[in-house]
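Enquirer: The structure file data14.cif (mmCIF, C-alpha atoms and all ligand atoms) is provided below.
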```cif
data_upload
loop_
_atom_site.label_atom_id
_atom_site.label_comp_id
_atom_site.auth_asym_id
_atom_site.auth_seq_id
_atom_site.Cartn_x
_atom_site.Cartn_y
_atom_site.Cartn_z
CA MET A 219 18.81 2.28 46.96
CA SER A 220 16.20 5.06 46.78
CA THR A 221 12.54 4.37 47.03
CA VAL A 222 9.99 6.22 44.92
CA ILE A 223 6.82 6.92 46.80
CA GLN A 224 3.77 7.41 44.61
CA LYS A 225 1.48 10.16 45.87
CA PRO A 226 -2.13 9.02 46.13
CA LEU A 227 -4.50 10.49 43.56
CA ASP A 228 -6.43 13.45 44.89
CA HIS A 229 -9.37 12.68 42.61
CA GLN A 230 -11.18 9.67 41.24
CA PRO A 231 -10.06 8.63 37.71
CA PRO A 232 -12.79 9.38 35.17
CA SER A 233 -14.79 6.33 34.28
CA LEU A 234 -15.34 5.65 30.58
CA PRO A 235 -18.90 5.32 29.41
CA PRO A 236 -19.56 1.77 28.21
CA THR A 237 -20.82 3.08 24.90
CA GLN A 238 -20.64 6.21 22.83
CA SER A 239 -22.94 7.26 20.05
CA VAL A 240 -21.52 7.78 16.56
CA ARG A 241 -23.06 9.16 13.40
CA LEU A 242 -21.54 8.13 10.09
CA THR A 243 -22.66 8.42 6.51
CA ILE A 244 -21.81 5.06 5.02
CA ASN A 245 -22.30 4.46 1.32
CA SER A 246 -24.63 7.48 1.19
CA GLN A 247 -26.79 6.21 4.06
CA GLU A 248 -26.73 7.83 7.45
CA SER A 249 -26.16 5.49 10.40
CA HIS A 250 -26.42 6.20 14.12
CA PHE A 251 -25.14 3.56 16.49
CA THR A 252 -23.45 3.15 19.84
CA VAL A 253 -20.11 1.48 20.34
CA ALA A 254 -17.53 1.08 23.05
CA PRO A 255 -15.07 3.97 22.64
CA TRP A 256 -12.24 1.59 21.77
CA THR A 257 -14.09 -0.02 18.82
CA THR A 258 -12.14 0.32 15.58
CA LEU A 259 -13.92 1.57 12.49
CA LEU A 260 -13.26 -1.86 10.97
CA ASP A 261 -15.05 -3.66 13.81
CA ALA A 262 -17.88 -1.13 13.75
CA LEU A 263 -18.43 -1.78 10.03
CA ARG A 264 -18.24 -5.54 10.30
CA GLU A 265 -19.75 -6.27 13.73
CA HIS A 266 -22.22 -3.43 14.24
CA LEU A 267 -23.32 -2.56 10.71
CA ASP A 268 -22.99 -5.95 9.03
CA LEU A 269 -20.83 -4.55 6.24
CA THR A 270 -18.55 -7.54 5.96
CA GLY A 271 -17.10 -6.66 2.56
CA THR A 272 -14.29 -4.87 4.39
CA LYS A 273 -11.87 -7.55 5.54
CA LYS A 274 -9.75 -7.98 8.63
CA GLY A 275 -6.32 -9.31 7.76
CA CYS A 276 -3.64 -8.31 10.26
CA ASP A 277 -5.63 -5.81 12.40
CA HIS A 278 -2.33 -3.91 12.73
CA GLY A 279 -2.11 -1.63 9.69
CA GLN A 280 0.20 -3.97 7.80
CA CYS A 281 -1.86 -5.56 5.01
CA GLY A 282 -4.43 -3.09 3.66
CA ALA A 283 -7.28 -5.63 3.61
CA CYS A 284 -9.40 -3.23 5.68
CA THR A 285 -8.99 -0.21 3.38
CA VAL A 286 -12.04 2.04 3.07
CA LEU A 287 -12.49 5.60 1.83
CA ILE A 288 -13.15 8.42 4.27
CA ASP A 289 -14.19 11.61 2.51
CA GLY A 290 -12.65 10.04 -0.61
CA LYS A 291 -9.27 9.28 0.98
CA ARG A 292 -8.12 5.74 1.62
CA ILE A 293 -7.45 4.66 5.16
CA ASN A 294 -6.79 1.44 7.05
CA SER A 295 -9.99 1.09 9.04
CA CYS A 296 -8.27 -1.12 11.64
CA LEU A 297 -6.10 1.83 12.68
CA THR A 298 -8.82 4.33 13.49
CA LEU A 299 -11.56 4.32 16.10
CA ALA A 300 -15.18 4.68 15.05
CA VAL A 301 -15.70 7.51 17.56
CA MET A 302 -12.84 9.47 15.96
CA ARG A 303 -14.74 9.48 12.69
CA ASP A 304 -18.02 10.85 13.99
CA GLY A 305 -19.72 12.74 11.14
CA ALA A 306 -17.45 11.31 8.41
CA ASP A 307 -18.52 10.18 4.96
CA ILE A 308 -17.34 6.60 4.44
CA THR A 309 -17.35 4.46 1.33
CA THR A 310 -16.79 0.73 1.57
CA ILE A 311 -16.56 -1.83 -1.21
CA GLU A 312 -20.35 -2.25 -0.96
CA GLY A 313 -20.77 1.43 -1.89
CA LEU A 314 -18.49 1.56 -4.94
CA GLY A 315 -20.86 -0.29 -7.25
CA THR A 316 -23.70 -2.77 -7.32
CA PRO A 317 -23.80 -6.30 -8.79
CA GLU A 318 -25.81 -4.88 -11.69
CA ASN A 319 -23.67 -1.78 -12.08
CA LEU A 320 -20.07 -2.46 -11.08
CA SER A 321 -17.62 0.38 -10.71
CA PRO A 322 -14.94 0.57 -13.45
CA LEU A 323 -12.36 -0.83 -11.05
CA GLN A 324 -14.60 -3.70 -9.94
CA GLN A 325 -15.24 -4.60 -13.58
CA ALA A 326 -11.54 -4.34 -14.45
CA PHE A 327 -10.60 -6.66 -11.57
CA ILE A 328 -12.96 -9.26 -13.05
CA ASP A 329 -11.77 -8.69 -16.62
CA HIS A 330 -8.12 -9.06 -15.60
CA ASP A 331 -8.71 -11.98 -13.22
CA ALA A 332 -7.07 -9.83 -10.55
CA PHE A 333 -7.69 -12.13 -7.59
CA GLN A 334 -7.50 -15.71 -6.45
CA CYS A 335 -8.98 -16.20 -2.97
CA GLY A 336 -10.41 -12.66 -3.09
CA TYR A 337 -9.71 -11.85 0.55
CA CYS A 338 -7.54 -8.82 -0.24
CA THR A 339 -9.72 -7.69 -3.14
CA PRO A 340 -12.12 -5.24 -1.41
CA GLY A 341 -9.13 -3.48 0.13
CA GLN A 342 -7.25 -3.49 -3.18
CA ILE A 343 -10.20 -1.96 -5.02
CA CYS A 344 -10.90 0.67 -2.37
CA SER A 345 -7.21 1.52 -2.26
CA ALA A 346 -7.07 1.76 -6.06
CA GLN A 347 -10.11 4.06 -5.98
CA GLY A 348 -8.30 6.22 -3.42
CA LEU A 349 -5.25 6.23 -5.69
CA LEU A 350 -7.38 7.47 -8.59
CA ASN A 351 -8.91 10.15 -6.35
CA GLU A 352 -5.45 11.31 -5.27
CA GLY A 353 -4.34 11.71 -8.89
CA LYS A 354 -0.65 11.34 -8.01
CA ALA A 355 0.21 8.15 -9.90
CA LYS A 356 0.96 8.65 -13.59
CA THR A 357 3.15 5.66 -14.40
CA GLU A 358 3.20 1.95 -13.74
CA ALA A 359 6.07 2.38 -11.27
CA GLU A 360 4.07 4.97 -9.33
CA VAL A 361 1.01 2.73 -9.24
CA ARG A 362 3.16 -0.11 -7.90
CA GLU A 363 4.66 2.17 -5.26
CA LEU A 364 1.36 3.74 -4.18
CA MET A 365 -0.40 0.37 -4.00
CA SER A 366 2.41 -1.23 -2.00
CA GLY A 367 0.45 -0.96 1.25
CA ASN A 368 -2.01 -3.56 -0.02
CA LEU A 369 -0.66 -7.08 0.24
CA CYS A 370 -1.95 -10.05 -1.72
CA ARG A 371 -0.96 -13.36 -0.25
CA CYS A 372 -2.03 -15.11 -3.46
CA GLY A 373 0.44 -13.03 -5.47
CA ALA A 374 -2.08 -11.65 -7.96
CA TYR A 375 -0.04 -8.45 -8.26
CA PRO A 376 0.51 -8.42 -12.07
CA ASN A 377 -3.23 -8.82 -12.69
CA ILE A 378 -4.15 -6.25 -10.05
CA LEU A 379 -1.74 -3.83 -11.70
CA SER A 380 -3.20 -4.55 -15.15
CA ALA A 381 -6.70 -3.83 -13.88
CA ILE A 382 -5.75 -0.53 -12.30
CA MET A 383 -3.65 0.53 -15.30
CA GLU A 384 -6.53 -0.18 -17.65
CA VAL A 385 -8.90 2.07 -15.69
CA MET A 386 -6.28 4.79 -15.48
CA ASP A 387 -5.59 4.50 -19.19
CA LYS A 388 -9.29 4.82 -20.02
CA ASP A 389 -9.42 7.92 -17.82
CA GLY A 390 -6.39 9.38 -19.62
CA LEU A 391 -4.29 9.34 -16.45
CA ILE A 392 -1.25 7.45 -17.76
CA MET A 393 1.66 9.66 -18.86
CA ASP A 394 4.01 7.06 -20.29
CA THR A 395 1.86 4.84 -22.48
CA LYS A 396 4.97 3.17 -23.91
CA GLU A 397 5.64 1.69 -20.49
CA TRP A 398 2.40 -0.28 -20.50
CA SER A 399 -0.25 -0.65 -23.15
CA ALA A 400 -3.77 -1.13 -21.82
CA GLY A 401 -5.58 -4.11 -23.17
CA GLY A 402 -2.32 -5.77 -24.14
CA ALA A 403 -0.59 -8.68 -22.53
CA LYS A 404 0.03 -8.72 -18.83
CA PRO A 405 2.98 -6.49 -17.88
CA GLU A 406 6.23 -8.39 -17.48
CA MET A 407 7.24 -7.77 -13.90
CA ASP A 408 8.21 -9.32 -10.64
CA PRO A 409 5.71 -9.31 -7.78
CA ILE A 410 5.78 -6.04 -5.85
CA ASN A 411 7.26 -7.58 -2.74
CA SER A 412 9.93 -9.68 -4.38
S1 LIG B 1 -6.46 -5.45 8.71
FE1 LIG B 1 -6.05 -3.34 8.62
S2 LIG B 1 -4.14 -3.21 7.62
FE2 LIG B 1 -4.43 -5.33 7.89
S1 LIG B 2 -6.40 -12.73 -3.95
FE1 LIG B 2 -5.92 -13.95 -2.22
S2 LIG B 2 -4.90 -12.54 -0.92
FE2 LIG B 2 -5.14 -11.44 -2.75
#
```
What does this structure look like when you write it as structure tokens?
Expert:
Amino acid sequence: MSTVIQKPLDHQPPSLPPTQSVRLTINSQESHFTVAPWTTLLDALREHLDLTGTKKGCDHGQCGACTVLIDGKRINSCLTLAVMRDGADITTIEGLGTPENLSPLQQAFIDHDAFQCGYCTPGQICSAQGLLNEGKAKTEAEVRELMSGNLCRCGAYPNILSAIMEVMDKDGLIMDTKEWSAGGAKPEMDPINS
């Protein structure tokens, strides 16, 4: 049996600084703060900046509850480090609208009763906003596919879909209006993950 002999290091391993400074523009406000380099963007938002609208579900990129927009694109904030986003422009659910002036998606989620416990809702709305920004979805099937990264444990999928479809329809983004008529009854469909 051979033995592997590890050569000793000829230098000291670099020591990580306990904190690193980060500058982010969050909901149009600039923030400077220091975090440990391994802090996720999600933890930075919730624990350092008190923006608790963004939710932690799985912390592993599986549920979409932590979705925020970076430079207009949706991202799971649990899968990126705050220090990697230095200088980025971030929008969270708190930045999409205000209680007095809700964004169209926020209003549609209320109008369509698109939540039960509400835990997934900030991520669903931010993800839907990202979907609108991307401009790729033109049909109900494409909306279902492109929203499939956002799970809802309460199973509010038909109502979530109705809310998103209504906003898309108002914006003239739906190609096949026969497939779903905005303002009509809830679409007949199985839950996305059935
Ligand atoms: S908490 Fe980030 S995907 Fe679930
Ligand atoms: S509304 Fe409860 S998890 Fe979606």
Enquirer: Taking all atoms listed in the file into account, report as an MDAnalysis selection string which residues have an atom no farther than 8 Å from an atom of ligand LIG 2 (chain B).
Expert: chainID A and resid 332:339 369:374
Enquirer: Taking only C-alpha atoms into account, name the residue in A:Ser239, A:Gln347, A:Gln247, A:Thr272 that is nearest to A:Leu260.
Expert: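 The answer is A:Thr272, which sits nearest to A:Leu260.
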Enquirer: So, with all atoms listed in the file as the atoms that count, which of A:Glu384, A:Leu299, A:Asn245, A:Cys281 lies closest to A:Gly315?
Expert: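 The answer is A:Asn245, which sits nearest to A:Gly315.
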Enquirer: Using all atoms listed in the file, what are the residues with an atom within 6 Å of ligand LIG 1 (chain B), set out as a list in words?
Expert: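 Final answer, ordered by chain and number: Lys274, Gly275, Cys276, Asp277, His278, Gly279, Gln280, Cys281, Gly282, Ala283, Cys284, Asn294, Ser295 and Cys296 of chain A.
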Enquirer: Generate a file of the selected residues that holds C-alpha atoms, formatted as a PDB file, in the frame of the given file.
Expert:
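Saved result, result-v6.pdb, follows:
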```pdb
ATOM      1  CA  LYS A 274      -9.750  -7.980   8.630  1.00  0.00           C
ATOM      2  CA  GLY A 275      -6.320  -9.310   7.760  1.00  0.00           C
ATOM      3  CA  CYS A 276      -3.640  -8.310  10.260  1.00  0.00           C
ATOM      4  CA  ASP A 277      -5.630  -5.810  12.400  1.00  0.00           C
ATOM      5  CA  HIS A 278      -2.330  -3.910  12.730  1.00  0.00           C
ATOM      6  CA  GLY A 279      -2.110  -1.630   9.690  1.00  0.00           C
ATOM      7  CA  GLN A 280       0.200  -3.970   7.800  1.00  0.00           C
ATOM      8  CA  CYS A 281      -1.860  -5.560   5.010  1.00  0.00           C
ATOM      9  CA  GLY A 282      -4.430  -3.090   3.660  1.00  0.00           C
ATOM     10  CA  ALA A 283      -7.280  -5.630   3.610  1.00  0.00           C
ATOM     11  CA  CYS A 284      -9.400  -3.230   5.680  1.00  0.00           C
ATOM     12  CA  ASN A 294      -6.790   1.440   7.050  1.00  0.00           C
ATOM     13  CA  SER A 295      -9.990   1.090   9.040  1.00  0.00           C
ATOM     14  CA  CYS A 296      -8.270  -1.120  11.640  1.00  0.00           C
TER      15      CYS A 296
END
```
Enquirer: So, with all atoms listed in the file as the atoms that count, which of A:Ile244, A:Pro232, A:Ala300, A:Ile293 lies closest to A:Asp261?
Expert: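 Comparing A:Ile244, A:Pro232, A:Ala300, A:Ile293 against A:Asp261, the winner is A:Ala300.
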Enquirer: When you draw a straight line from atom CA of A:Thr310 to atom CA of A:Gln324, how long is it in Å?
Expert: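 Taking atom CA of A:Thr310 and atom CA of A:Gln324, their separation equals 12.5 Å.
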Enquirer: I need stretch 275-361 of chain A written out with C-alpha atoms, as a PDB file, in the first residue's frame; please produce it.
Expert:
```pdb
ATOM      1  CA  GLY A 275     -37.889  29.346   2.214  1.00  0.00           C
ATOM      2  CA  CYS A 276     -35.396  26.611   1.390  1.00  0.00           C
ATOM      3  CA  ASP A 277     -32.148  28.669   1.340  1.00  0.00           C
ATOM      4  CA  HIS A 278     -31.037  26.298  -1.443  1.00  0.00           C
ATOM      5  CA  GLY A 279     -32.391  27.765  -4.687  1.00  0.00           C
ATOM      6  CA  GLN A 280     -35.361  25.413  -4.787  1.00  0.00           C
ATOM      7  CA  CYS A 281     -38.445  27.469  -3.921  1.00  0.00           C
ATOM      8  CA  GLY A 282     -38.128  31.020  -5.282  1.00  0.00           C
ATOM      9  CA  ALA A 283     -39.374  32.673  -2.074  1.00  0.00           C
ATOM     10  CA  CYS A 284     -36.234  34.829  -2.018  1.00  0.00           C
ATOM     11  CA  THR A 285     -36.581  36.182  -5.575  1.00  0.00           C
ATOM     12  CA  VAL A 286     -35.468  39.787  -6.080  1.00  0.00           C
ATOM     13  CA  LEU A 287     -34.590  41.789  -9.174  1.00  0.00           C
ATOM     14  CA  ILE A 288     -30.991  42.688  -9.933  1.00  0.00           C
ATOM     15  CA  ASP A 289     -30.716  45.238 -12.717  1.00  0.00           C
ATOM     16  CA  GLY A 290     -34.267  44.194 -13.635  1.00  0.00           C
ATOM     17  CA  LYS A 291     -33.512  40.456 -13.835  1.00  0.00           C
ATOM     18  CA  ARG A 292     -34.929  38.002 -11.343  1.00  0.00           C
ATOM     19  CA  ILE A 293     -32.562  36.026  -9.192  1.00  0.00           C
ATOM     20  CA  ASN A 294     -32.721  33.767  -6.145  1.00  0.00           C
ATOM     21  CA  SER A 295     -31.054  35.940  -3.531  1.00  0.00           C
ATOM     22  CA  CYS A 296     -30.144  32.895  -1.419  1.00  0.00           C
ATOM     23  CA  LEU A 297     -27.804  31.712  -4.182  1.00  0.00           C
ATOM     24  CA  THR A 298     -25.639  34.793  -4.510  1.00  0.00           C
ATOM     25  CA  LEU A 299     -23.295  36.502  -2.077  1.00  0.00           C
ATOM     26  CA  ALA A 300     -23.791  40.153  -1.215  1.00  0.00           C
ATOM     27  CA  VAL A 301     -20.132  40.906  -2.004  1.00  0.00           C
ATOM     28  CA  MET A 302     -20.585  39.496  -5.520  1.00  0.00           C
ATOM     29  CA  ARG A 303     -23.240  42.121  -6.172  1.00  0.00           C
ATOM     30  CA  ASP A 304     -21.231  45.166  -5.164  1.00  0.00           C
ATOM     31  CA  GLY A 305     -22.538  48.145  -7.154  1.00  0.00           C
ATOM     32  CA  ALA A 306     -25.725  46.384  -8.326  1.00  0.00           C
ATOM     33  CA  ASP A 307     -29.176  47.910  -8.555  1.00  0.00           C
ATOM     34  CA  ILE A 308     -31.590  45.742  -6.572  1.00  0.00           C
ATOM     35  CA  THR A 309     -35.362  45.866  -6.347  1.00  0.00           C
ATOM     36  CA  THR A 310     -37.180  43.977  -3.626  1.00  0.00           C
ATOM     37  CA  ILE A 311     -40.905  43.651  -3.039  1.00  0.00           C
ATOM     38  CA  GLU A 312     -40.718  46.815  -0.909  1.00  0.00           C
ATOM     39  CA  GLY A 313     -39.516  48.749  -3.965  1.00  0.00           C
ATOM     40  CA  LEU A 314     -42.134  47.622  -6.482  1.00  0.00           C
ATOM     41  CA  GLY A 315     -44.942  49.729  -5.062  1.00  0.00           C
ATOM     42  CA  THR A 316     -46.179  51.408  -1.911  1.00  0.00           C
ATOM     43  CA  PRO A 317     -49.300  50.660   0.164  1.00  0.00           C
ATOM     44  CA  GLU A 318     -50.880  53.777  -1.349  1.00  0.00           C
ATOM     45  CA  ASN A 319     -49.666  53.068  -4.866  1.00  0.00           C
ATOM     46  CA  LEU A 320     -49.380  49.334  -5.503  1.00  0.00           C
ATOM     47  CA  SER A 321     -47.683  48.054  -8.615  1.00  0.00           C
ATOM     48  CA  PRO A 322     -50.035  46.496 -11.216  1.00  0.00           C
ATOM     49  CA  LEU A 323     -48.897  43.017 -10.194  1.00  0.00           C
ATOM     50  CA  GLN A 324     -49.376  43.699  -6.486  1.00  0.00           C
ATOM     51  CA  GLN A 325     -52.889  44.972  -7.175  1.00  0.00           C
ATOM     52  CA  ALA A 326     -53.685  42.014  -9.429  1.00  0.00           C
ATOM     53  CA  PHE A 327     -52.551  39.544  -6.749  1.00  0.00           C
ATOM     54  CA  ILE A 328     -55.055  41.148  -4.373  1.00  0.00           C
ATOM     55  CA  ASP A 329     -57.828  41.286  -6.976  1.00  0.00           C
ATOM     56  CA  HIS A 330     -57.361  37.611  -7.865  1.00  0.00           C
ATOM     57  CA  ASP A 331     -56.886  36.442  -4.271  1.00  0.00           C
ATOM     58  CA  ALA A 332     -53.575  34.986  -5.427  1.00  0.00           C
ATOM     59  CA  PHE A 333     -52.271  33.890  -2.028  1.00  0.00           C
ATOM     60  CA  GLN A 334     -53.236  32.137   1.154  1.00  0.00           C
ATOM     61  CA  CYS A 335     -50.482  32.303   3.781  1.00  0.00           C
ATOM     62  CA  GLY A 336     -48.616  34.863   1.652  1.00  0.00           C
ATOM     63  CA  TYR A 337     -45.146  33.501   2.383  1.00  0.00           C
ATOM     64  CA  CYS A 338     -44.312  32.854  -1.272  1.00  0.00           C
ATOM     65  CA  THR A 339     -46.038  36.023  -2.497  1.00  0.00           C
ATOM     66  CA  PRO A 340     -43.141  38.542  -2.506  1.00  0.00           C
ATOM     67  CA  GLY A 341     -41.062  36.061  -4.496  1.00  0.00           C
ATOM     68  CA  GLN A 342     -43.965  35.312  -6.841  1.00  0.00           C
ATOM     69  CA  ILE A 343     -44.537  39.006  -7.534  1.00  0.00           C
ATOM     70  CA  CYS A 344     -40.851  39.816  -8.029  1.00  0.00           C
ATOM     71  CA  SER A 345     -40.507  36.793 -10.283  1.00  0.00           C
ATOM     72  CA  ALA A 346     -43.589  37.816 -12.273  1.00  0.00           C
ATOM     73  CA  GLN A 347     -42.129  41.322 -12.640  1.00  0.00           C
ATOM     74  CA  GLY A 348     -38.915  39.746 -13.939  1.00  0.00           C
ATOM     75  CA  LEU A 349     -40.985  37.664 -16.350  1.00  0.00           C
ATOM     76  CA  LEU A 350     -42.655  40.821 -17.680  1.00  0.00           C
ATOM     77  CA  ASN A 351     -39.254  42.506 -18.022  1.00  0.00           C
ATOM     78  CA  GLU A 352     -37.903  39.522 -19.967  1.00  0.00           C
ATOM     79  CA  GLY A 353     -40.811  39.693 -22.433  1.00  0.00           C
ATOM     80  CA  LYS A 354     -40.460  36.020 -23.393  1.00  0.00           C
ATOM     81  CA  ALA A 355     -43.805  34.663 -22.202  1.00  0.00           C
ATOM     82  CA  LYS A 356     -46.688  35.207 -24.608  1.00  0.00           C
ATOM     83  CA  THR A 357     -49.090  32.422 -23.667  1.00  0.00           C
ATOM     84  CA  GLU A 358     -50.525  30.877 -20.542  1.00  0.00           C
ATOM     85  CA  ALA A 359     -48.365  27.779 -21.029  1.00  0.00           C
ATOM     86  CA  GLU A 360     -45.233  29.926 -21.229  1.00  0.00           C
ATOM     87  CA  VAL A 361     -46.187  31.841 -18.096  1.00  0.00           C
TER      88      VAL A 361
END
```
